[in-house]
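A short worksheet on the structure shown next.
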Amino acid sequence: MPARRHGESPGDRHQPKTRNLLEGGDRQKPGKSQPMSKIDPAALADEPLGRDTLAVRAGQVRGPEREHSEPIYTTSSFVFENAAQAAALFGEKEEGNIYSRFTNPTVRTFEQRLGMLEQAAYCVATASGMAAITGLVLSLLKPGDHVVVAREVFGSTLSLFNRIFGRFGIAITAAPVRELDQWRDAIRDETRLLFIETPTNPLCHIADVRALADLARESGARLVVDNAFCTPALQRPLILGADVVIHTATKYLDGQGRCVGGAMATNDAEVHDAFFGMMRTTGPSMSPFNAWVFLKGLETLSLRMARHGDNALALARWLREHPAVEAVFHPGLEDHPGHSLAARQQDGFGGIVSFRVRGDRAEAWSVIDATRMVSITGNLGDTRTTITHPATTTHARISQAERDQAGISDNLVRISAGLEDQADIQRDIARGLDALL
Ligand SMILES: Cc1ncc(COP(=O)(O)O)c(C=O)c1O
């Protein structure tokens, strides 16, 4: 196993030089030799920049037109100077763009920016979050290998591991994300990956990333963290000791519900090389247009995450007092079991609130159906508040037993707090809850 770096604080590494980032520059001249999905070493810092600066500036390479905003390179392939250069590029003797299934400048800018925010040496964009998880497993695992996955993860992630990878001889054990002893017991000689989300979808359980990273290191496995709910604005899992970060860009990175995309970020060259090779051959790459949308999303990410968090916490506090509500789950509530851990490893509590209505599925559905403004949709991380019934939507395709284990009851409702006025969101949710009294 490659050496892991623990205990580094944000800002320890990969800080871009002010001059390079602020002036654009010539870091990717055609034909200039550099690994295309490695975060550009020329952008590493002697003068550290803050995360908000990186979010709007990092990764941009200004072209001959001196454009201010990043262009969208809508091209499937790239032209060579001559046959010898084509051979050099295809033969990996020279680095440069060949074909947009492999690399594309707009996608590359997104990878650089997200990679720097995650403090990763490498970042590879994918067509979706599920494509990033699939690519990771296909690149690192073989039949006979074993994965421990948090049993509370997103329903499709659980299905992917159990129903699809299981068919290819990869064994899975699901463990409760907060019970370290059960993770320790689940690990075998063949265990290659520990896979978690934190906070989990939808109940916002908080996993101890440092403790699980230590366990992974002791066991010769790698810790993978799906950072969908926090984004790098609130949590940098690699700094906490994780080996790989997975993103669904579809959620907060876009932030406006426009495109589907994903990414994998790591400091482990072995993981990167295997992953990039797999992506290049199998083809679930991100489109340049989507990459451009996500770039624009990253520019406002930290502002949005702060406001999502404020609206979610206010909603959680109000829901807790409502007589038609049985339980509320948001890590910002002081009595949430993961509150102090979240306060330690996150820079905010995030925008998701789930709650159990007093009653059953009919009562949960009636609260959802009574909304007039809030959008009934399975997506989250949008400027618009969204509401869903996890048991019959996001987690419908896992078994009843898996739902029971994960705490996805029929009276559970998930809200992704948007950026609207908090009073308007509250009034819309109150409509259905008040009618239950
Ligand atoms: C936590 C989490 N991870 C991964 C995914 C999958 O992402 P995508 O829809 O971009 O494939 C989702 C989608 O809802 C999610 O909520």
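Ordering of the structure tokens sets the chain letters (A, B, ...), residue numbers begin anew at 1 in every chain, and ligands are numbered from 1 in the order given.
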- Query: Could you write out, as JSON, numbers by chain, all the residues of segment 163-363 of chain A that DSSP marks as strand (DSSP E)?
  - Reply: {"A": [171, 172, 173, 174, 175, 191, 192, 193, 194, 195, 196, 197, 222, 223, 224, 225, 226, 244, 245, 246, 247, 248, 262, 263, 264, 265, 266, 325, 326, 327, 328, 329, 352, 353, 354, 355, 356, 357]}
C-alpha atoms of the current selection, written as a PDB file, in the first residue's frame:
```
ATOM      1  CA  ALA A 171     -18.082  -9.941  -1.940  1.00  0.00           C
ATOM      2  CA  ILE A 172     -19.834  -7.214   0.053  1.00  0.00           C
ATOM      3  CA  THR A 173     -20.486  -6.730   3.744  1.00  0.00           C
ATOM      4  CA  ALA A 174     -22.737  -3.874   4.835  1.00  0.00           C
ATOM      5  CA  ALA A 175     -21.803  -2.330   8.205  1.00  0.00           C
ATOM      6  CA  THR A 191     -10.924  -6.571   1.893  1.00  0.00           C
ATOM      7  CA  ARG A 192      -9.725  -3.909  -0.540  1.00  0.00           C
ATOM      8  CA  LEU A 193     -12.127  -1.028   0.017  1.00  0.00           C
ATOM      9  CA  LEU A 194     -14.098   0.547   2.848  1.00  0.00           C
ATOM     10  CA  PHE A 195     -16.845   2.688   1.316  1.00  0.00           C
ATOM     11  CA  ILE A 196     -18.777   5.371   3.193  1.00  0.00           C
ATOM     12  CA  GLU A 197     -20.831   8.505   2.772  1.00  0.00           C
ATOM     13  CA  ARG A 222      -8.396   1.913   1.032  1.00  0.00           C
ATOM     14  CA  LEU A 223     -11.039   4.243   2.477  1.00  0.00           C
ATOM     15  CA  VAL A 224     -13.404   5.785  -0.078  1.00  0.00           C
ATOM     16  CA  VAL A 225     -15.639   8.699   0.958  1.00  0.00           C
ATOM     17  CA  ASP A 226     -18.619   9.903  -1.058  1.00  0.00           C
ATOM     18  CA  VAL A 244     -10.313   8.438  -2.436  1.00  0.00           C
ATOM     19  CA  VAL A 245     -13.128  10.988  -2.657  1.00  0.00           C
ATOM     20  CA  ILE A 246     -16.140  10.303  -4.858  1.00  0.00           C
ATOM     21  CA  HIS A 247     -18.436  13.078  -6.054  1.00  0.00           C
ATOM     22  CA  THR A 248     -21.798  13.309  -7.659  1.00  0.00           C
ATOM     23  CA  GLY A 262     -19.303  13.002 -11.106  1.00  0.00           C
ATOM     24  CA  ALA A 263     -15.630  12.780 -10.192  1.00  0.00           C
ATOM     25  CA  MET A 264     -12.957  10.802  -8.378  1.00  0.00           C
ATOM     26  CA  ALA A 265     -10.161  12.617  -6.494  1.00  0.00           C
ATOM     27  CA  THR A 266      -7.114  11.063  -4.820  1.00  0.00           C
ATOM     28  CA  VAL A 325     -43.260  15.284  13.740  1.00  0.00           C
ATOM     29  CA  GLU A 326     -41.864  12.221  15.505  1.00  0.00           C
ATOM     30  CA  ALA A 327     -38.119  12.732  14.919  1.00  0.00           C
ATOM     31  CA  VAL A 328     -35.794  15.083  13.031  1.00  0.00           C
ATOM     32  CA  PHE A 329     -32.351  14.271  11.612  1.00  0.00           C
ATOM     33  CA  ILE A 352     -30.269  18.087   4.203  1.00  0.00           C
ATOM     34  CA  VAL A 353     -32.961  17.545   6.843  1.00  0.00           C
ATOM     35  CA  SER A 354     -34.965  14.359   7.218  1.00  0.00           C
ATOM     36  CA  PHE A 355     -37.880  13.776   9.557  1.00  0.00           C
ATOM     37  CA  ARG A 356     -40.350  11.110  10.555  1.00  0.00           C
ATOM     38  CA  VAL A 357     -43.971  12.177  10.453  1.00  0.00           C
TER      39      VAL A 357
END
```
Taking only residues of chain A that have an atom at most 8 Å from an atom of ligand 1, what is each one's shortest atom pair and its distance in Å to one decimal, using only C-alpha atoms and all ligand atoms, in chain and number order, as a tab-separated table?
```
residue	atom	partner	partner_atom_place_in_ligand_line	distance
A:Ala127	CA	ligand 1	10 (O)	7.7
A:Ser128	CA	ligand 1	10 (O)	4.0
A:Gly129	CA	ligand 1	11 (O)	3.6
A:Met130	CA	ligand 1	11 (O)	3.9
A:Ala131	CA	ligand 1	11 (O)	6.4
A:Ala132	CA	ligand 1	11 (O)	7.9
A:Val153	CA	ligand 1	1 (C)	6.7
A:Phe154	CA	ligand 1	1 (C)	5.2
A:Ser156	CA	ligand 1	6 (C)	7.2
A:Thr157	CA	ligand 1	4 (C)	6.7
A:Glu197	CA	ligand 1	1 (C)	6.4
A:Thr200	CA	ligand 1	1 (C)	6.9
A:Asn201	CA	ligand 1	1 (C)	5.7
A:Asp226	CA	ligand 1	3 (N)	6.1
A:Asn227	CA	ligand 1	1 (C)	7.3
A:Ala228	CA	ligand 1	1 (C)	5.1
A:Phe229	CA	ligand 1	1 (C)	6.5
A:Ile246	CA	ligand 1	3 (N)	7.9
A:His247	CA	ligand 1	4 (C)	6.8
A:Thr248	CA	ligand 1	10 (O)	4.2
A:Ala249	CA	ligand 1	10 (O)	6.0
A:Thr250	CA	ligand 1	10 (O)	4.8
A:Lys251	CA	ligand 1	10 (O)	7.1
A:Val260	CA	ligand 1	10 (O)	5.3
A:Gly261	CA	ligand 1	10 (O)	5.1
A:Gly262	CA	ligand 1	10 (O)	5.6
A:Gly378	CA	ligand 1	14 (O)	7.3
A:Asn379	CA	ligand 1	14 (O)	6.2
A:Leu380	CA	ligand 1	14 (O)	7.1
A:Thr394	CA	ligand 1	14 (O)	7.2
```
- Task: Give me the residues within 12 Å of Gly359 of chain A as a PyMOL selection string, counting only C-alpha atoms and dropping any in the same chain fewer than 3 places off.
- Result: chain A and resi 323-327+355-356+362-367+409-413+433+436-437
- Å distance separating atom CA of Arg151 of chain A from atom CA of Pro176 of chain A, one decimal place: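 Separation of atom CA of Arg151 of chain A and atom CA of Pro176 of chain A: 5.5 Å.
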- Message: Which of segment 209-360 of chain A end up as alpha helix (DSSP H) when DSSP is run on this backbone - answer as a ChimeraX atom specification?
- Response: /A:209-219,231-234,269-282,288-299,301-321,339-345
Take the selection from the previous step and output its residues with C-alpha atoms, as a tab-separated table (two decimals), in the first residue's frame.
```
chain	number	residue	atom	x	y	z
A	209	VAL	CA	-13.36	9.53	8.76
A	210	ARG	CA	-10.05	9.56	10.68
A	211	ALA	CA	-10.90	6.40	12.62
A	212	LEU	CA	-12.01	4.54	9.48
A	213	ALA	CA	-8.91	5.74	7.61
A	214	ASP	CA	-6.74	4.31	10.40
A	215	LEU	CA	-8.66	1.03	10.23
A	216	ALA	CA	-8.24	0.91	6.44
A	217	ARG	CA	-4.50	1.53	6.73
A	218	GLU	CA	-4.06	-1.19	9.38
A	219	SER	CA	-5.96	-3.61	7.13
A	231	THR	CA	-18.70	19.01	-0.85
A	232	PRO	CA	-15.14	20.32	-0.37
A	233	ALA	CA	-16.67	23.57	0.89
A	234	LEU	CA	-17.51	21.79	4.18
A	269	ALA	CA	-0.99	7.68	-8.11
A	270	GLU	CA	-1.77	3.97	-8.34
A	271	VAL	CA	-5.51	4.64	-7.94
A	272	HIS	CA	-5.38	7.48	-10.42
A	273	ASP	CA	-3.53	5.54	-13.09
A	274	ALA	CA	-5.85	2.54	-12.82
A	275	PHE	CA	-8.93	4.76	-12.79
A	276	PHE	CA	-7.86	6.97	-15.68
A	277	GLY	CA	-6.97	3.92	-17.78
A	278	MET	CA	-10.33	2.34	-17.03
A	279	MET	CA	-12.24	5.52	-17.88
A	280	ARG	CA	-10.30	6.07	-21.09
A	281	THR	CA	-11.13	2.56	-22.28
A	282	THR	CA	-14.69	2.16	-21.01
A	288	PRO	CA	-17.41	19.56	-21.99
A	289	PHE	CA	-20.72	21.40	-21.67
A	290	ASN	CA	-21.49	19.70	-18.36
A	291	ALA	CA	-17.95	20.44	-17.13
A	292	TRP	CA	-18.49	24.13	-17.91
A	293	VAL	CA	-21.78	24.14	-15.97
A	294	PHE	CA	-20.05	22.52	-12.99
A	295	LEU	CA	-17.21	25.06	-13.20
A	296	LYS	CA	-19.77	27.83	-12.86
A	297	GLY	CA	-21.33	25.93	-9.97
A	298	LEU	CA	-18.02	25.66	-8.11
A	299	GLU	CA	-17.62	29.44	-8.22
A	301	LEU	CA	-20.28	26.69	-3.93
A	302	SER	CA	-19.18	27.98	-0.52
A	303	LEU	CA	-21.72	30.82	-0.52
A	304	ARG	CA	-24.49	28.40	-1.40
A	305	MET	CA	-23.40	25.77	1.13
A	306	ALA	CA	-23.50	28.35	3.93
A	307	ARG	CA	-27.04	29.42	3.02
A	308	HIS	CA	-28.27	25.82	2.46
A	309	GLY	CA	-26.93	25.03	5.93
A	310	ASP	CA	-28.61	28.03	7.60
A	311	ASN	CA	-31.97	27.21	6.00
A	312	ALA	CA	-31.69	23.52	6.87
A	313	LEU	CA	-30.81	24.14	10.51
A	314	ALA	CA	-33.64	26.64	10.96
A	315	LEU	CA	-36.04	24.14	9.37
A	316	ALA	CA	-34.75	21.31	11.59
A	317	ARG	CA	-35.23	23.39	14.76
A	318	TRP	CA	-38.76	24.30	13.74
A	319	LEU	CA	-39.67	20.73	12.70
A	320	ARG	CA	-38.48	19.41	16.05
A	321	GLU	CA	-41.11	21.51	17.81
A	339	HIS	CA	-23.23	16.55	16.22
A	340	SER	CA	-19.84	16.88	17.91
A	341	LEU	CA	-18.07	14.68	15.34
A	342	ALA	CA	-19.60	16.73	12.51
A	343	ALA	CA	-18.54	19.93	14.27
A	344	ARG	CA	-14.95	18.55	14.39
A	345	GLN	CA	-14.56	17.21	10.88
```
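Reported to one decimal place, the separation of atom CA of Thr371 of chain A from atom CA of Ala417 of chain A is 13.7 Å.
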- What does the distance between atom CA of Ala125 of chain A and atom CA of Pro237 of chain A come to in Å, to one decimal place?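 Atom CA of Pro237 of chain A lies at a distance of 17.6 Å from atom CA of Ala125 of chain A.
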- Message: Using only C-alpha atoms, can you tell me which of A:Glu334, A:Glu152, A:Glu67, A:Asp369 comes closest to Gly407 of chain A?
- Response: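 That would be A:Glu152, the residue with the smallest distance to Gly407 of chain A.
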- Query: Using only C-alpha atoms, which residue out of A:Ile429, A:Ala242, A:Ile368, A:Ala207 lies closest to Pro390 of chain A?
  - Reply: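 Closest to Pro390 of chain A of all the choices is A:Ile368.
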- For Thr198 of chain A, which residue among A:Phe168, A:Glu92, A:Arg57, A:Phe349 is the nearest when counting only C-alpha atoms?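 Smallest separation from Thr198 of chain A among the options: A:Phe349.
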- Item | Close residues, Gln85 of chain A itself excluded, 12 Å, only C-alpha atoms, min 3 positions apart in chain, as a PyMOL selection string | chain A and resi 30-32+78-82+88-98
Go ahead and write the selection's residues with C-alpha atoms as a tab-separated table (two decimals), in the first residue's frame.
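Now in part03.tsv:
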```tsv
chain	number	residue	atom	x	y	z
A	30	PRO	CA	-0.16	22.39	-27.10
A	31	GLY	CA	2.47	19.73	-27.05
A	32	LYS	CA	3.81	20.70	-23.64
A	78	PHE	CA	-7.86	17.20	-31.51
A	79	VAL	CA	-5.57	17.84	-34.47
A	80	PHE	CA	-1.89	16.83	-34.59
A	81	GLU	CA	0.97	18.75	-36.22
A	82	ASN	CA	1.91	15.71	-38.23
A	88	ALA	CA	3.92	10.21	-30.04
A	89	LEU	CA	0.64	11.17	-28.38
A	90	PHE	CA	-1.02	7.81	-28.97
A	91	GLY	CA	2.16	6.05	-27.84
A	92	GLU	CA	2.18	8.16	-24.63
A	93	LYS	CA	5.61	9.57	-25.49
A	94	GLU	CA	4.10	13.04	-25.47
A	95	GLU	CA	1.21	14.36	-23.37
A	96	GLY	CA	-1.64	16.29	-24.92
A	97	ASN	CA	-5.23	16.09	-26.02
A	98	ILE	CA	-6.14	13.28	-28.41
```
